[in-house]
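To start, the structure under review is shown below, and the notes come after it.
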Amino acid sequence: MALTLRRTQFWKPKEPFTNDTKHTLGSDSQELPSRIVLPPVFSASTGTIPLPDLQGSPQDEWDSSSRRSVVYPEKRFRKEYLRLGTVTGDLATAEGRARAGLFWTDWGAYAAEWLILRLRDETNVDVVAGVVDVLTSLGEESVVPILRALEKQPEAEKAASLLEALEWIDLSDNLPLARDVADKIKVYLSDEKYELREVAYYATRALPPAIATELLELSLTWEMSDLREFVASEIRDRNSE
Amino acid sequence: MWLLRRVKAERWPEGQGKYTQEDVAAAYEDLRLRRENDETGISVYKVADEKEAENVALLYAMTLRRRPQKFDYILIPDTAIADLPMRKETEEGHHPSLSDRHYEIDGLTDKEVEQLTTRLLGCEERRTFHLDRRRVESLALNQIDAEPQLADELSPEWLKTLEPRRSEPKSDS
């Protein structure tokens with residue numbers, strides 16, 4: 001399955017490089033100049049972005065091909081990560097949390113990749129919820145990173161978090177991507193774990209109604225738990241859209 | 001009693017009696033202080049009973065979580081933490097029902113947090129609650145009816161979820 005991401009404005013950090021130490025992805029120590037011209041990592045002719053492969057541990061974050069072209073402020077990423085899931089101080093209000101979230105939206109798919117790698121080792125329920133919120137905010141930008149992560153069959157808890165994020169991303173105007181997402185959701189709809197099936201059912205809300213209905217009706221052939229009633233109500237909702 | 005909300009219910013099974021080191025390690029992840037984030041206390045809410053606890057959990061889910069989602073919490077009897085340093089910690093910007101009830105178990109070392117984990121896991125009166133998502137949404141609909149101004153504090157995700165359901169029959173509880 002070829003995953004591609006349509007992108008018109010992939011690179012536009014609002015405060016690109018201030019006094020932060022910058023890191024090439026995959027490097028923890030490299031000092032870089034204070035202002036760097038970033039080569040595009042997408043092909044203008046095809047409108048697609050070859051996203052870095054998610055291999056190895058969070059320490060060796062990205063593959064070598066992306067190290068050459070992607071530079072990001074690691075310190076700032078880590079600092080903002082610590083604020084995820086926090087609801088005190090300047091993050092006590094929804095407005096404050098929304099302001100803080102702008103940092104991640106400026107980094108688009110790269111933020112999604114970075115956060116998904118962190119998610120793998122995260123155990124704090126608030127931080128996990130915060131990461132999912134950001135992935136949700138990123139919209140289509142986070143879909144390909146999520147699909148790539150799900151492709152690696154993460155443990156159930158992590159997979160559930162990724163599916164949770166998908167639910168809130170509207171793919172009704174992007175049929176090719178919606179089909180890729182539907183293929184992945186379908187795998188989890190028949191999972192033996194109740195919790196995974198549940199979030200997968202919710203994730204179908206991201207899909208165009210016709211595709212969602214097809215998946216949900218299919219799942220009624222095996223869903224015998226109390227989720228069956230929920231699936232039926234979801235089908236009614238999709239059909240009324 | 002006290003409500004401890006930053007937990008995963010499966011890490012706090014009830015009535016098992018004995019716990020392995022793995023059980024303690026898993027539950028410890030819920031109490032572990034994020035020192036890297038200058039966290040100094042374990043957040044708890046003072047509640048009178050289970051009904052009030054459910055309402056606190058709901059208000060937290062509605063106003064401080066961006067999306068409707070499942071919500072786990074545990075209830076701890078006063079006696080289980082009566083000897084620990086407790087600090088009232090109101091938070092401007094939070095719903096008054098949350099802020100007025102909020103405290104922190106303050107100044108524990110990591111070792112003491114681990115001991116507290118063991119103590120709470122072994123506490124027979126400790127109760128573990130899991131509100132699944134549909135229950136959270138159902139309670140939220142009732143809450144909006146009782147407190148319409150709460151809608152002003154809800155995120156777009158919450159509103160998108162609740163709005164189509166407002167015409168549905170309400171839950172009794």
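Within each chain, counting starts at residue 1; across the structure tokens, chains are named A, B, ... in the order shown, with ligands numbered 1 upward in that order.
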
Checklist entry - chain A residues within 8 Å of chain B, counting only C-alpha atoms: which ones, as a PyMOL selection string? => result chain A and resi 82-83+87-89+92-94+123-126+129+133+168

Those residues you just picked out, can you put them in a file as a compact mmCIF listing (two decimals), in the first residue's frame with N, CA and C atoms?
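The resulting file, again.txt, is shown below:
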# COMPACT_ATOMS: atom_id res chain seq x y z
N LEU A 82 6.66 18.05 27.43
CA LEU A 82 6.44 18.02 28.88
C LEU A 82 5.14 18.72 29.26
N ARG A 83 4.69 19.62 28.42
CA ARG A 83 3.47 20.38 28.73
C ARG A 83 2.21 19.62 28.32
N VAL A 87 -2.81 20.70 32.84
CA VAL A 87 -3.96 21.62 32.83
C VAL A 87 -3.84 22.63 33.97
N THR A 88 -2.63 23.02 34.26
CA THR A 88 -2.42 24.02 35.31
C THR A 88 -1.66 25.21 34.73
N GLY A 89 -1.57 26.27 35.54
CA GLY A 89 -0.84 27.46 35.10
C GLY A 89 -1.45 28.05 33.84
N ALA A 92 -4.31 26.10 32.14
CA ALA A 92 -5.53 25.81 32.91
C ALA A 92 -6.79 26.04 32.09
N THR A 93 -6.69 26.87 31.09
CA THR A 93 -7.88 27.17 30.27
C THR A 93 -7.75 26.54 28.89
N ALA A 94 -8.90 26.35 28.25
CA ALA A 94 -8.92 25.78 26.89
C ALA A 94 -8.13 26.67 25.93
N THR A 123 3.64 6.21 29.55
CA THR A 123 2.70 5.49 30.42
C THR A 123 1.73 6.42 31.13
N ASN A 124 2.00 7.70 31.12
CA ASN A 124 1.16 8.66 31.83
C ASN A 124 -0.14 8.90 31.03
N VAL A 125 -1.27 8.64 31.67
CA VAL A 125 -2.54 8.71 30.93
C VAL A 125 -2.83 10.13 30.43
N ASP A 126 -2.44 11.13 31.18
CA ASP A 126 -2.68 12.50 30.74
C ASP A 126 -1.84 12.85 29.52
N ALA A 129 -3.23 11.19 26.46
CA ALA A 129 -4.41 11.93 25.98
C ALA A 129 -3.96 13.21 25.27
N ASP A 133 -4.62 14.31 21.40
CA ASP A 133 -5.21 15.61 21.07
C ASP A 133 -4.42 16.32 19.97
N TRP A 168 -11.28 11.77 14.84
CA TRP A 168 -11.61 13.19 14.76
C TRP A 168 -11.08 13.87 13.51

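Here the DSSP assignment of strand (DSSP E or B), based on backbone atoms, applies within chain B to Trp2, Leu3, Leu4, Gly41, Ile42, Ser43, Val44, Tyr45, Lys46, Phe71, Asp72, Tyr73, Ile74, Leu75, Ile76, Met86, Arg87, Lys88, His102, Tyr103, Glu104, Ile105, Asp106, Arg127, Thr128, Phe129, His130 and Leu131 of chain B.
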
Residues from last step as file, N, CA and C atoms, as an mmCIF file, in the first residue's frame:
data_model
loop_
_atom_site.group_PDB
_atom_site.id
_atom_site.type_symbol
_atom_site.label_atom_id
_atom_site.label_comp_id
_atom_site.auth_asym_id
_atom_site.auth_seq_id
_atom_site.Cartn_x
_atom_site.Cartn_y
_atom_site.Cartn_z
ATOM 1 N N TRP B 2 -11.295 10.353 48.922
ATOM 2 C CA TRP B 2 -10.516 11.080 47.921
ATOM 3 C C TRP B 2 -10.611 10.405 46.559
ATOM 4 N N LEU B 3 -10.710 11.234 45.561
ATOM 5 C CA LEU B 3 -10.726 10.725 44.186
ATOM 6 C C LEU B 3 -9.355 10.952 43.566
ATOM 7 N N LEU B 4 -8.787 9.885 43.058
ATOM 8 C CA LEU B 4 -7.513 9.964 42.345
ATOM 9 C C LEU B 4 -7.810 9.627 40.895
ATOM 10 N N GLY B 41 3.378 17.222 43.558
ATOM 11 C CA GLY B 41 2.311 16.601 44.337
ATOM 12 C C GLY B 41 1.424 15.691 43.509
ATOM 13 N N ILE B 42 0.751 14.790 44.211
ATOM 14 C CA ILE B 42 -0.209 13.895 43.558
ATOM 15 C C ILE B 42 -1.589 14.514 43.695
ATOM 16 N N SER B 43 -2.215 14.753 42.572
ATOM 17 C CA SER B 43 -3.497 15.453 42.530
ATOM 18 C C SER B 43 -4.639 14.547 43.001
ATOM 19 N N VAL B 44 -5.420 15.054 43.972
ATOM 20 C CA VAL B 44 -6.600 14.315 44.455
ATOM 21 C C VAL B 44 -7.751 15.295 44.678
ATOM 22 N N TYR B 45 -8.972 14.759 44.649
ATOM 23 C CA TYR B 45 -10.157 15.582 44.876
ATOM 24 C C TYR B 45 -10.916 15.049 46.084
ATOM 25 N N LYS B 46 -11.300 15.957 46.977
ATOM 26 C CA LYS B 46 -12.060 15.591 48.170
ATOM 27 C C LYS B 46 -13.532 15.441 47.782
ATOM 28 N N PHE B 71 -13.122 7.279 31.140
ATOM 29 C CA PHE B 71 -12.512 7.978 32.271
ATOM 30 C C PHE B 71 -12.416 7.016 33.451
ATOM 31 N N ASP B 72 -11.211 6.808 33.932
ATOM 32 C CA ASP B 72 -10.979 5.918 35.073
ATOM 33 C C ASP B 72 -10.620 6.747 36.303
ATOM 34 N N TYR B 73 -10.985 6.246 37.459
ATOM 35 C CA TYR B 73 -10.533 6.873 38.708
ATOM 36 C C TYR B 73 -10.647 5.875 39.835
ATOM 37 N N ILE B 74 -9.959 6.166 40.918
ATOM 38 C CA ILE B 74 -10.103 5.333 42.104
ATOM 39 C C ILE B 74 -10.547 6.202 43.270
ATOM 40 N N LEU B 75 -11.258 5.599 44.203
ATOM 41 C CA LEU B 75 -11.684 6.293 45.416
ATOM 42 C C LEU B 75 -10.935 5.701 46.608
ATOM 43 N N ILE B 76 -10.371 6.594 47.390
ATOM 44 C CA ILE B 76 -9.523 6.186 48.504
ATOM 45 C C ILE B 76 -10.160 6.669 49.812
ATOM 46 N N MET B 86 -0.938 17.147 53.041
ATOM 47 C CA MET B 86 -1.956 17.484 52.052
ATOM 48 C C MET B 86 -2.018 19.001 51.894
ATOM 49 N N ARG B 87 -2.024 19.468 50.670
ATOM 50 C CA ARG B 87 -2.059 20.916 50.415
ATOM 51 C C ARG B 87 -3.231 21.233 49.501
ATOM 52 N N LYS B 88 -4.047 22.236 49.904
ATOM 53 C CA LYS B 88 -5.151 22.646 49.028
ATOM 54 C C LYS B 88 -4.577 23.397 47.837
ATOM 55 N N HIS B 102 -9.972 20.417 45.065
ATOM 56 C CA HIS B 102 -8.659 19.916 44.654
ATOM 57 C C HIS B 102 -7.571 20.080 45.722
ATOM 58 N N TYR B 103 -6.836 19.016 45.938
ATOM 59 C CA TYR B 103 -5.692 19.011 46.871
ATOM 60 C C TYR B 103 -4.530 18.291 46.205
ATOM 61 N N GLU B 104 -3.378 18.445 46.808
ATOM 62 C CA GLU B 104 -2.238 17.649 46.372
ATOM 63 C C GLU B 104 -1.590 16.975 47.566
ATOM 64 N N ILE B 105 -1.277 15.704 47.392
ATOM 65 C CA ILE B 105 -0.447 15.012 48.383
ATOM 66 C C ILE B 105 0.966 15.474 48.077
ATOM 67 N N ASP B 106 1.511 16.219 49.004
ATOM 68 C CA ASP B 106 2.652 17.061 48.666
ATOM 69 C C ASP B 106 3.982 16.528 49.208
ATOM 70 N N ARG B 127 -11.724 1.711 45.939
ATOM 71 C CA ARG B 127 -12.619 1.284 44.868
ATOM 72 C C ARG B 127 -12.105 1.815 43.531
ATOM 73 N N THR B 128 -12.241 1.012 42.516
ATOM 74 C CA THR B 128 -11.797 1.405 41.172
ATOM 75 C C THR B 128 -13.010 1.574 40.259
ATOM 76 N N PHE B 129 -13.033 2.665 39.521
ATOM 77 C CA PHE B 129 -14.180 2.966 38.649
ATOM 78 C C PHE B 129 -13.712 3.180 37.212
ATOM 79 N N HIS B 130 -14.527 2.688 36.313
ATOM 80 C CA HIS B 130 -14.259 2.896 34.887
ATOM 81 C C HIS B 130 -15.548 3.403 34.239
ATOM 82 N N LEU B 131 -15.516 4.623 33.774
ATOM 83 C CA LEU B 131 -16.659 5.149 33.015
ATOM 84 C C LEU B 131 -16.334 4.963 31.545
#

Item to check | Straight-line distance linking atom CA of Pro77 of chain B with atom CA of Arg135 of chain B, stated in Å to one decimal | outcome: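 We find that atom CA of Pro77 of chain B and atom CA of Arg135 of chain B lie 24.6 Å from each other.
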
Next on the checklist: Quick one: residues within 10 Å of segment 182-188 of chain A, only C-alpha atoms, excluding same-chain residues fewer than 4 positions away - as an MDAnalysis selection string?
Outcome noted: chainID A and resid 1 147:148 150:151 156 159:160 163 166 176:178 192:204 206:208 211:212 214:216 218:219

Next on the checklist: I want to know what sits within 9 Å of Glu223 of chain A, based on only C-alpha atoms, with residues of the same chain fewer than 4 positions away left out; could you give that as a ChimeraX atom specification?
Outcome noted: /A:189-190,219,227-228,231

For the residues selected in the previous step, produce a file with C-alpha atoms as a short mmCIF file (atom, residue, chain, number, x, y, z; two decimals), in the first residue's frame.
data_model
loop_
_atom_site.label_atom_id
_atom_site.label_comp_id
_atom_site.auth_asym_id
_atom_site.auth_seq_id
_atom_site.Cartn_x
_atom_site.Cartn_y
_atom_site.Cartn_z
CA LEU A 189 -12.74 -4.11 13.81
CA SER A 190 -12.28 -7.85 14.12
CA SER A 219 -18.59 -6.09 11.47
CA LEU A 227 -20.98 -3.14 21.11
CA ARG A 228 -23.38 -4.60 18.55
CA VAL A 231 -22.52 -0.42 15.78
#

Next on the checklist: Which residues are near Tyr19 of chain B? Cut-off 10 Å, only C-alpha atoms, ignore same chain within fewer than 6 positions. Put them as a list of chain:residue names.
Outcome noted: B:Pro13, B:Thr118, B:Leu121, B:Gly122

Next on the checklist: Ranking B:Pro68, B:Ser99, B:Ala80, B:Val24 by minimum distance to Leu162 of chain B and counting only C-alpha atoms, which one comes first?
Outcome noted: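 Smallest distance to Leu162 of chain B is found for B:Pro68.
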
Next on the checklist: Using only C-alpha atoms for the distances, tell me which of A:Lys79, A:Asp90, A:Val128, A:Glu122 is nearest to Phe103 of chain A.
Outcome noted: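 Closest residue, counting only C-alpha atoms: A:Lys79.
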
Checklist entry - Any idea what the distance is between atom CA of Tyr28 of chain B and atom CA of Cys123 of chain B? => result 14.8 Å

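From atom CA of Pro154 of chain A back to atom CA of Glu137 of chain B, the distance works out to 28.1 Å.
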